[in-house]
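Taking it in order: structure first as structure tokens, then the write-up.
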Amino acid sequence: MGDGQEEREATDVSVSYQQGAGAVSVSYQQEFERDGYAVSRAVFGPAEVDALREHFMALRRRGSHPGDLVGVAAGSRDPLRRYPRMAQMHRWDDTTLRWLLDRRLADRLTGLLGAEPYAVQSMLYFKPPGSRGQALHQDNFYLRAEPGTCVAAWMALDRAEEDNGCVLVVPGSHRWPILCTRQADTRVSFTDVTVPIPAGERARPVRMDPGDVLFFHGSLVHGSMPNTTTDRFRRSLIGHYLQADARQVAEYYHPALRMDGTPLRLAVSEGGGPCGEWTDRDGVPTVVMSGRHTVTRKHE
Ligand SMILES: O=C(O)CCC(=O)C(=O)O
């Protein structure tokens, strides 16, 4: 980021991790509670990551699939139309389903959340060279998991750094309520809404190697910058989960799955509701729930 401020890098926790529910290090949980995110290094090995990367590239080459949010346009000038992201592949692709419910993810999520979560979404971002990023947002604006929140497991399939558009996070923003959105700059983001962050807060890059998994809270403000390279994809496989006390989620995310793969019935969350707006109180940026949003998008 080049402004001389020290970066707070998530600690490598893979060394202290042991198999079994709840077995993540205390520092890892503390990091997640303090910052709203934590990185678990080398959760999946190089051979597994290579196989997953090839699997999804082969699927994309075959054309469109159920759940695609936009179609494949092979001749498009927009790299994201040549390689659009995939969504909800676990509903028809066994490789994705096995990854989404993988014991290594289940154990880590259980350690962070205190109980085994429910899986509700899979996504694959190809993010080829020259593609736009995704404006800052909060996932639970879309999922509307209640009570509690959703949590993402974001696994790098390529090395992810600033130049190819790694994830950006605003540490501590998971304590903010769901904020009102405003228009995003669609020259740098493929989504058209964003959330404002007050002066003094900064989105920080999370650099990751293939097989590392970033876990983050549903209220954490995050996004990504464009991939400015000419020759490096930034592929990632993403799972979204609900805390086990969730009783409802937006319609698009049904059916939720227990981590043993069995479906469970949850209620459907309604769209819209109050949202937070920043105001200045004696020089301190403070959120007041003075706004109201109407969710028109089914998904993030
Ligand atoms: O991978 C990215 O570029 C952004 C991912 C993201 O915002 C998300 O998974 O919610």
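If you're wondering about the labels, chains in the structure tokens are A, B, ... by order shown, residues count from 1 in each chain, ligands from 1 in order shown.
Once only C-alpha atoms and all ligand atoms are used for the distance check, the residues close to ligand 1 at 6 Å turn out to be Gly133, Gln134, Asp139, Val167, His222, Gly223 and Ser224 of chain A.
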Writing out the chosen residues with N, CA and C atoms as a PDB file, in the first residue's frame:
```
ATOM      1  N   GLY A 133     -12.268  -5.547 -10.063  1.00  0.00           N
ATOM      2  CA  GLY A 133     -12.422  -6.135  -8.738  1.00  0.00           C
ATOM      3  C   GLY A 133     -13.880  -6.076  -8.298  1.00  0.00           C
ATOM      4  N   GLN A 134     -14.066  -6.190  -6.995  1.00  0.00           N
ATOM      5  CA  GLN A 134     -15.425  -6.131  -6.424  1.00  0.00           C
ATOM      6  C   GLN A 134     -15.422  -5.067  -5.333  1.00  0.00           C
ATOM      7  N   ASP A 139     -21.135  -9.176   3.331  1.00  0.00           N
ATOM      8  CA  ASP A 139     -21.872 -10.320   2.770  1.00  0.00           C
ATOM      9  C   ASP A 139     -23.275 -10.480   3.372  1.00  0.00           C
ATOM     10  N   VAL A 167      -7.904 -10.047  -1.914  1.00  0.00           N
ATOM     11  CA  VAL A 167      -9.006  -9.517  -1.109  1.00  0.00           C
ATOM     12  C   VAL A 167      -8.495  -8.361  -0.250  1.00  0.00           C
ATOM     13  N   HIS A 222     -15.344  -5.775   3.006  1.00  0.00           N
ATOM     14  CA  HIS A 222     -14.266  -6.362   2.208  1.00  0.00           C
ATOM     15  C   HIS A 222     -14.592  -6.220   0.727  1.00  0.00           C
ATOM     16  N   GLY A 223     -13.633  -6.474  -0.102  1.00  0.00           N
ATOM     17  CA  GLY A 223     -13.821  -6.414  -1.553  1.00  0.00           C
ATOM     18  C   GLY A 223     -12.498  -6.748  -2.203  1.00  0.00           C
ATOM     19  N   SER A 224     -12.274  -6.244  -3.411  1.00  0.00           N
ATOM     20  CA  SER A 224     -10.970  -6.469  -4.050  1.00  0.00           C
ATOM     21  C   SER A 224     -10.754  -5.436  -5.155  1.00  0.00           C
TER      22      SER A 224
END
```
### Query
Could you pull out the strand (DSSP E) residues of region 72-240 of chain A from DSSP and send them as JSON, numbers by chain?
{"A": [86, 87, 118, 119, 120, 121, 122, 123, 124, 125, 134, 135, 136, 137, 150, 151, 152, 153, 154, 155, 156, 167, 168, 169, 182, 183, 193, 194, 204, 205, 206, 213, 214, 215, 216, 217, 222, 223, 224, 236, 237, 238, 239, 240]}
* Asked: Which polymer residues have any atom within 10 Å of an atom of region 244-253 of chain A, counting only C-alpha atoms, with same-chain residues fewer than 6 positions away left out, as a PyMOL selection string?
  -> chain A and resi 88+110+113-122+140-150+265-271+297-299
How about saving the chosen residues, N, CA and C atoms kept, as a JSON list (two decimals), in the first residue's frame?
```json
[["chain", "number", "residue", "atom", "x", "y", "z"],
["A", 88, "GLN", "N", -23.03, -21.56, -6.82],
["A", 88, "GLN", "CA", -23.87, -22.69, -6.40],
["A", 88, "GLN", "C", -23.55, -23.97, -7.18],
["A", 110, "THR", "N", -15.97, -24.59, 12.93],
["A", 110, "THR", "CA", -16.54, -24.95, 14.22],
["A", 110, "THR", "C", -15.71, -24.36, 15.36],
["A", 113, "LEU", "N", -16.60, -20.62, 15.45],
["A", 113, "LEU", "CA", -17.98, -20.22, 15.72],
["A", 113, "LEU", "C", -18.57, -20.91, 16.94],
["A", 114, "GLY", "N", -17.92, -21.98, 17.40],
["A", 114, "GLY", "CA", -18.39, -22.67, 18.60],
["A", 114, "GLY", "C", -19.38, -23.79, 18.29],
["A", 115, "ALA", "N", -19.85, -23.89, 17.09],
["A", 115, "ALA", "CA", -20.76, -24.98, 16.70],
["A", 115, "ALA", "C", -20.65, -25.16, 15.20],
["A", 116, "GLU", "N", -20.98, -26.38, 14.74],
["A", 116, "GLU", "CA", -20.83, -26.65, 13.31],
["A", 116, "GLU", "C", -21.81, -25.77, 12.50],
["A", 117, "PRO", "N", -21.31, -25.13, 11.45],
["A", 117, "PRO", "CA", -22.18, -24.21, 10.67],
["A", 117, "PRO", "C", -23.01, -24.96, 9.63],
["A", 118, "TYR", "N", -23.80, -24.22, 8.86],
["A", 118, "TYR", "CA", -24.54, -24.75, 7.72],
["A", 118, "TYR", "C", -23.97, -24.13, 6.45],
["A", 119, "ALA", "N", -23.85, -24.94, 5.42],
["A", 119, "ALA", "CA", -23.30, -24.44, 4.14],
["A", 119, "ALA", "C", -24.45, -23.94, 3.26],
["A", 120, "VAL", "N", -24.27, -22.77, 2.65],
["A", 120, "VAL", "CA", -25.35, -22.23, 1.81],
["A", 120, "VAL", "C", -24.90, -21.75, 0.43],
["A", 121, "GLN", "N", -23.60, -21.62, 0.22],
["A", 121, "GLN", "CA", -23.20, -21.11, -1.10],
["A", 121, "GLN", "C", -21.78, -21.55, -1.45],
["A", 122, "SER", "N", -21.58, -21.83, -2.74],
["A", 122, "SER", "CA", -20.23, -22.01, -3.28],
["A", 122, "SER", "C", -20.07, -21.03, -4.43],
["A", 140, "ASN", "N", -23.40, -10.16, 4.66],
["A", 140, "ASN", "CA", -24.72, -10.42, 5.26],
["A", 140, "ASN", "C", -25.79, -9.42, 4.81],
["A", 141, "PHE", "N", -25.37, -8.38, 4.09],
["A", 141, "PHE", "CA", -26.33, -7.50, 3.42],
["A", 141, "PHE", "C", -27.16, -8.33, 2.43],
["A", 142, "TYR", "N", -26.51, -9.32, 1.81],
["A", 142, "TYR", "CA", -27.16, -10.14, 0.79],
["A", 142, "TYR", "C", -27.77, -11.41, 1.40],
["A", 143, "LEU", "N", -27.00, -12.07, 2.29],
["A", 143, "LEU", "CA", -27.49, -13.36, 2.80],
["A", 143, "LEU", "C", -28.61, -13.18, 3.82],
["A", 144, "ARG", "N", -28.48, -12.10, 4.61],
["A", 144, "ARG", "CA", -29.48, -11.79, 5.64],
["A", 144, "ARG", "C", -29.71, -12.98, 6.59],
["A", 145, "ALA", "N", -28.60, -13.60, 6.99],
["A", 145, "ALA", "CA", -28.68, -14.69, 7.98],
["A", 145, "ALA", "C", -29.08, -14.09, 9.32],
["A", 146, "GLU", "N", -30.05, -14.70, 9.98],
["A", 146, "GLU", "CA", -30.52, -14.21, 11.28],
["A", 146, "GLU", "C", -31.04, -15.37, 12.10],
["A", 147, "PRO", "N", -30.84, -15.36, 13.44],
["A", 147, "PRO", "CA", -29.93, -14.46, 14.14],
["A", 147, "PRO", "C", -28.49, -14.83, 13.81],
["A", 148, "GLY", "N", -27.54, -14.05, 14.29],
["A", 148, "GLY", "CA", -26.13, -14.31, 13.99],
["A", 148, "GLY", "C", -25.76, -13.75, 12.64],
["A", 149, "THR", "N", -24.91, -14.45, 11.93],
["A", 149, "THR", "CA", -24.42, -13.92, 10.66],
["A", 149, "THR", "C", -23.95, -15.07, 9.78],
["A", 150, "CYS", "N", -23.42, -14.71, 8.61],
["A", 150, "CYS", "CA", -22.79, -15.71, 7.75],
["A", 150, "CYS", "C", -21.27, -15.58, 7.90],
["A", 265, "ARG", "N", -34.30, -27.27, 6.87],
["A", 265, "ARG", "CA", -35.30, -26.28, 6.49],
["A", 265, "ARG", "C", -35.13, -25.03, 7.36],
["A", 266, "LEU", "N", -34.93, -23.90, 6.70],
["A", 266, "LEU", "CA", -34.85, -22.62, 7.42],
["A", 266, "LEU", "C", -35.92, -21.70, 6.85],
["A", 267, "ALA", "N", -36.23, -20.65, 7.59],
["A", 267, "ALA", "CA", -37.20, -19.66, 7.08],
["A", 267, "ALA", "C", -36.51, -18.74, 6.07],
["A", 268, "VAL", "N", -37.32, -18.04, 5.28],
["A", 268, "VAL", "CA", -36.80, -17.12, 4.27],
["A", 268, "VAL", "C", -36.76, -15.70, 4.84],
["A", 269, "SER", "N", -35.57, -15.08, 4.80],
["A", 269, "SER", "CA", -35.46, -13.69, 5.28],
["A", 269, "SER", "C", -36.06, -12.74, 4.25],
["A", 270, "GLU", "N", -36.78, -11.76, 4.73],
["A", 270, "GLU", "CA", -37.33, -10.73, 3.84],
["A", 270, "GLU", "C", -36.24, -9.74, 3.47],
["A", 271, "GLY", "N", -36.39, -9.08, 2.32],
["A", 271, "GLY", "CA", -35.44, -8.05, 1.91],
["A", 271, "GLY", "C", -35.73, -6.74, 2.60],
["A", 297, "ARG", "N", -31.16, -7.20, -5.06],
["A", 297, "ARG", "CA", -30.29, -8.24, -5.61],
["A", 297, "ARG", "C", -30.50, -9.53, -4.83],
["A", 298, "LYS", "N", -30.50, -10.63, -5.57],
["A", 298, "LYS", "CA", -30.70, -11.93, -4.93],
["A", 298, "LYS", "C", -29.43, -12.42, -4.26],
["A", 299, "HIS", "N", -28.27, -11.96, -4.76],
["A", 299, "HIS", "CA", -26.99, -12.50, -4.32],
["A", 299, "HIS", "C", -25.95, -11.40, -4.39]]
```
Can you pull out every residue within 12 Å of Gly211 (chain A), counting only C-alpha atoms, but drop anything in the same chain fewer than 6 positions away, and send it as a compact mmCIF listing (two decimals) with N, CA and C atoms, in the first residue's frame?
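Resulting contents of part-v1.txt:
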```txt
# COMPACT_ATOMS: atom_id res chain seq x y z
N SER A 14 -1.46 -22.55 10.83
CA SER A 14 -1.54 -23.95 10.45
C SER A 14 -0.71 -24.83 11.38
N VAL A 39 -6.58 -15.83 8.66
CA VAL A 39 -6.11 -16.69 7.56
C VAL A 39 -5.54 -17.97 8.13
N SER A 40 -5.94 -19.09 7.58
CA SER A 40 -5.38 -20.38 7.93
C SER A 40 -4.50 -20.80 6.74
N ARG A 41 -3.22 -20.99 7.01
CA ARG A 41 -2.27 -21.23 5.91
C ARG A 41 -2.22 -22.70 5.50
N ALA A 42 -2.06 -22.95 4.20
CA ALA A 42 -1.83 -24.28 3.64
C ALA A 42 -2.83 -25.32 4.14
N VAL A 43 -4.10 -24.98 4.10
CA VAL A 43 -5.15 -25.93 4.53
C VAL A 43 -5.26 -27.05 3.51
N PHE A 44 -5.17 -26.70 2.25
CA PHE A 44 -5.19 -27.69 1.17
C PHE A 44 -3.80 -27.72 0.53
N GLY A 45 -3.36 -28.92 0.14
CA GLY A 45 -2.02 -29.09 -0.40
C GLY A 45 -1.94 -28.72 -1.87
N PRO A 46 -0.69 -28.56 -2.38
CA PRO A 46 -0.50 -28.12 -3.77
C PRO A 46 -1.19 -29.04 -4.80
N ALA A 47 -1.14 -30.35 -4.60
CA ALA A 47 -1.75 -31.25 -5.59
C ALA A 47 -3.27 -31.07 -5.61
N GLU A 48 -3.86 -30.91 -4.44
CA GLU A 48 -5.31 -30.70 -4.37
C GLU A 48 -5.71 -29.39 -5.04
N VAL A 49 -4.92 -28.35 -4.78
CA VAL A 49 -5.23 -27.04 -5.35
C VAL A 49 -5.07 -27.07 -6.87
N ASP A 50 -4.01 -27.72 -7.35
CA ASP A 50 -3.81 -27.85 -8.80
C ASP A 50 -5.01 -28.55 -9.44
N ALA A 51 -5.45 -29.63 -8.79
CA ALA A 51 -6.57 -30.41 -9.35
C ALA A 51 -7.85 -29.57 -9.37
N LEU A 52 -8.08 -28.79 -8.30
CA LEU A 52 -9.29 -27.96 -8.26
C LEU A 52 -9.23 -26.87 -9.34
N ARG A 53 -8.08 -26.25 -9.48
CA ARG A 53 -7.92 -25.20 -10.49
C ARG A 53 -8.21 -25.75 -11.89
N TRP A 99 -15.65 -30.20 -1.44
CA TRP A 99 -14.81 -29.12 -0.90
C TRP A 99 -15.60 -28.28 0.13
N ARG A 104 -11.71 -30.32 6.96
CA ARG A 104 -10.73 -29.30 7.38
C ARG A 104 -11.40 -27.92 7.51
N LEU A 105 -12.34 -27.65 6.61
CA LEU A 105 -13.07 -26.38 6.72
C LEU A 105 -14.06 -26.45 7.87
N ALA A 153 -15.49 -18.79 3.75
CA ALA A 153 -14.18 -19.46 3.66
C ALA A 153 -13.70 -19.20 2.24
N TRP A 154 -12.66 -18.40 2.08
CA TRP A 154 -12.19 -17.94 0.76
C TRP A 154 -10.83 -18.58 0.53
N MET A 155 -10.77 -19.54 -0.39
CA MET A 155 -9.50 -20.24 -0.60
C MET A 155 -8.82 -19.78 -1.88
N ALA A 156 -7.55 -19.41 -1.76
CA ALA A 156 -6.77 -19.00 -2.94
C ALA A 156 -6.41 -20.23 -3.76
N LEU A 157 -6.64 -20.14 -5.08
CA LEU A 157 -6.19 -21.18 -6.00
C LEU A 157 -4.93 -20.73 -6.75
N ASP A 158 -4.64 -19.44 -6.68
CA ASP A 158 -3.39 -18.87 -7.21
C ASP A 158 -2.83 -18.00 -6.10
N ARG A 159 -1.55 -17.62 -6.22
CA ARG A 159 -1.04 -16.62 -5.28
C ARG A 159 -1.85 -15.34 -5.48
N ALA A 160 -2.31 -14.75 -4.39
CA ALA A 160 -3.13 -13.53 -4.48
C ALA A 160 -2.37 -12.40 -3.80
N ARG A 235 -7.52 -16.91 -9.18
CA ARG A 235 -8.69 -17.76 -8.99
C ARG A 235 -8.90 -18.05 -7.49
N SER A 236 -10.16 -18.15 -7.10
CA SER A 236 -10.46 -18.47 -5.70
C SER A 236 -11.75 -19.26 -5.62
N LEU A 237 -11.79 -20.15 -4.65
CA LEU A 237 -12.96 -20.98 -4.39
C LEU A 237 -13.53 -20.53 -3.05
N ILE A 238 -14.81 -20.24 -3.03
CA ILE A 238 -15.39 -19.58 -1.85
C ILE A 238 -16.61 -20.38 -1.36
```
**OP:** Within region 60-89 of chain A, find each residue whose DSSP state, derived from the backbone, is alpha helix (DSSP H), and express the selection as a PyMOL selection string.
**Re:** chain A and resi 60-61+79-82
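Take the candidates A:Asp93, A:Asp68, A:Asp280, A:Glu201 and check each one against Arg81 (chain A) using only C-alpha atoms; the shortest distance goes to A:Asp68.
Here CA of Met259 (chain A) stands at a distance of 15.0 Å from CA of Leu112 (chain A).
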- Item | Neighbour list for Arg91 (chain A) as number ranges by chain, cut-off 12 Å, only C-alpha atoms, skip fewer than 4 positions in-chain | A: 65-68, 86-87, 95-98, 100, 119-123, 253-257, 261, 263
Same residues, C-alpha atoms, output as a CSV table (one decimal), in the first residue's frame:
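Contents of part_11.csv, as written:
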```
chain,number,residue,atom,x,y,z
A,65,HIS,CA,-23.6,-24.1,-16.1
A,66,PRO,CA,-26.6,-23.9,-13.8
A,67,GLY,CA,-26.1,-21.1,-11.3
A,68,ASP,CA,-23.9,-18.9,-13.5
A,86,MET,CA,-19.6,-19.5,-11.1
A,87,ALA,CA,-22.1,-19.9,-8.2
A,95,THR,CA,-16.1,-31.9,-6.5
A,96,THR,CA,-17.4,-28.6,-5.2
A,97,LEU,CA,-19.8,-30.3,-2.7
A,98,ARG,CA,-16.9,-32.3,-1.2
A,100,LEU,CA,-17.7,-27.1,0.7
A,119,ALA,CA,-23.3,-24.4,4.1
A,120,VAL,CA,-25.4,-22.2,1.8
A,121,GLN,CA,-23.2,-21.1,-1.1
A,122,SER,CA,-20.2,-22.0,-3.3
A,123,MET,CA,-18.6,-19.6,-5.7
A,253,TYR,CA,-29.4,-19.6,-0.4
A,254,HIS,CA,-31.9,-22.3,0.2
A,255,PRO,CA,-31.5,-25.2,0.9
A,256,ALA,CA,-28.9,-24.9,3.6
A,257,LEU,CA,-26.9,-28.0,4.2
A,261,GLY,CA,-24.6,-32.9,3.5
A,263,PRO,CA,-30.5,-30.4,4.0
```
Margin query: Can you tell me which residues surround Phe32 (chain A) at a distance of at most 10 Å, considering only C-alpha atoms, apart from same-chain residues fewer than 5 positions away, and format the answer as a PyMOL selection string?
Written below: chain A and resi 10+26-27+37-39+112-113+171-172+174+215-217
For the residues in that selection, give me C-alpha atoms as a PDB file, in the first residue's frame.
```
ATOM      1  CA  ALA A  10      -2.949 -12.461   9.826  1.00  0.00           C
ATOM      2  CA  VAL A  26      -6.671 -19.384  20.856  1.00  0.00           C
ATOM      3  CA  SER A  27      -4.771 -16.683  19.008  1.00  0.00           C
ATOM      4  CA  TYR A  37     -11.113 -12.333   9.781  1.00  0.00           C
ATOM      5  CA  ALA A  38      -8.248 -14.815  10.066  1.00  0.00           C
ATOM      6  CA  VAL A  39      -6.112 -16.688   7.561  1.00  0.00           C
ATOM      7  CA  LEU A 112     -14.224 -20.183  15.252  1.00  0.00           C
ATOM      8  CA  LEU A 113     -17.982 -20.215  15.721  1.00  0.00           C
ATOM      9  CA  PRO A 171     -10.143  -4.858  10.176  1.00  0.00           C
ATOM     10  CA  GLY A 172     -12.719  -4.512  12.965  1.00  0.00           C
ATOM     11  CA  HIS A 174     -17.413  -6.772  11.564  1.00  0.00           C
ATOM     12  CA  PHE A 215     -12.289 -16.906   7.031  1.00  0.00           C
ATOM     13  CA  PHE A 216     -14.323 -13.749   7.481  1.00  0.00           C
ATOM     14  CA  HIS A 217     -17.420 -12.548   9.298  1.00  0.00           C
TER      15      HIS A 217
END
```
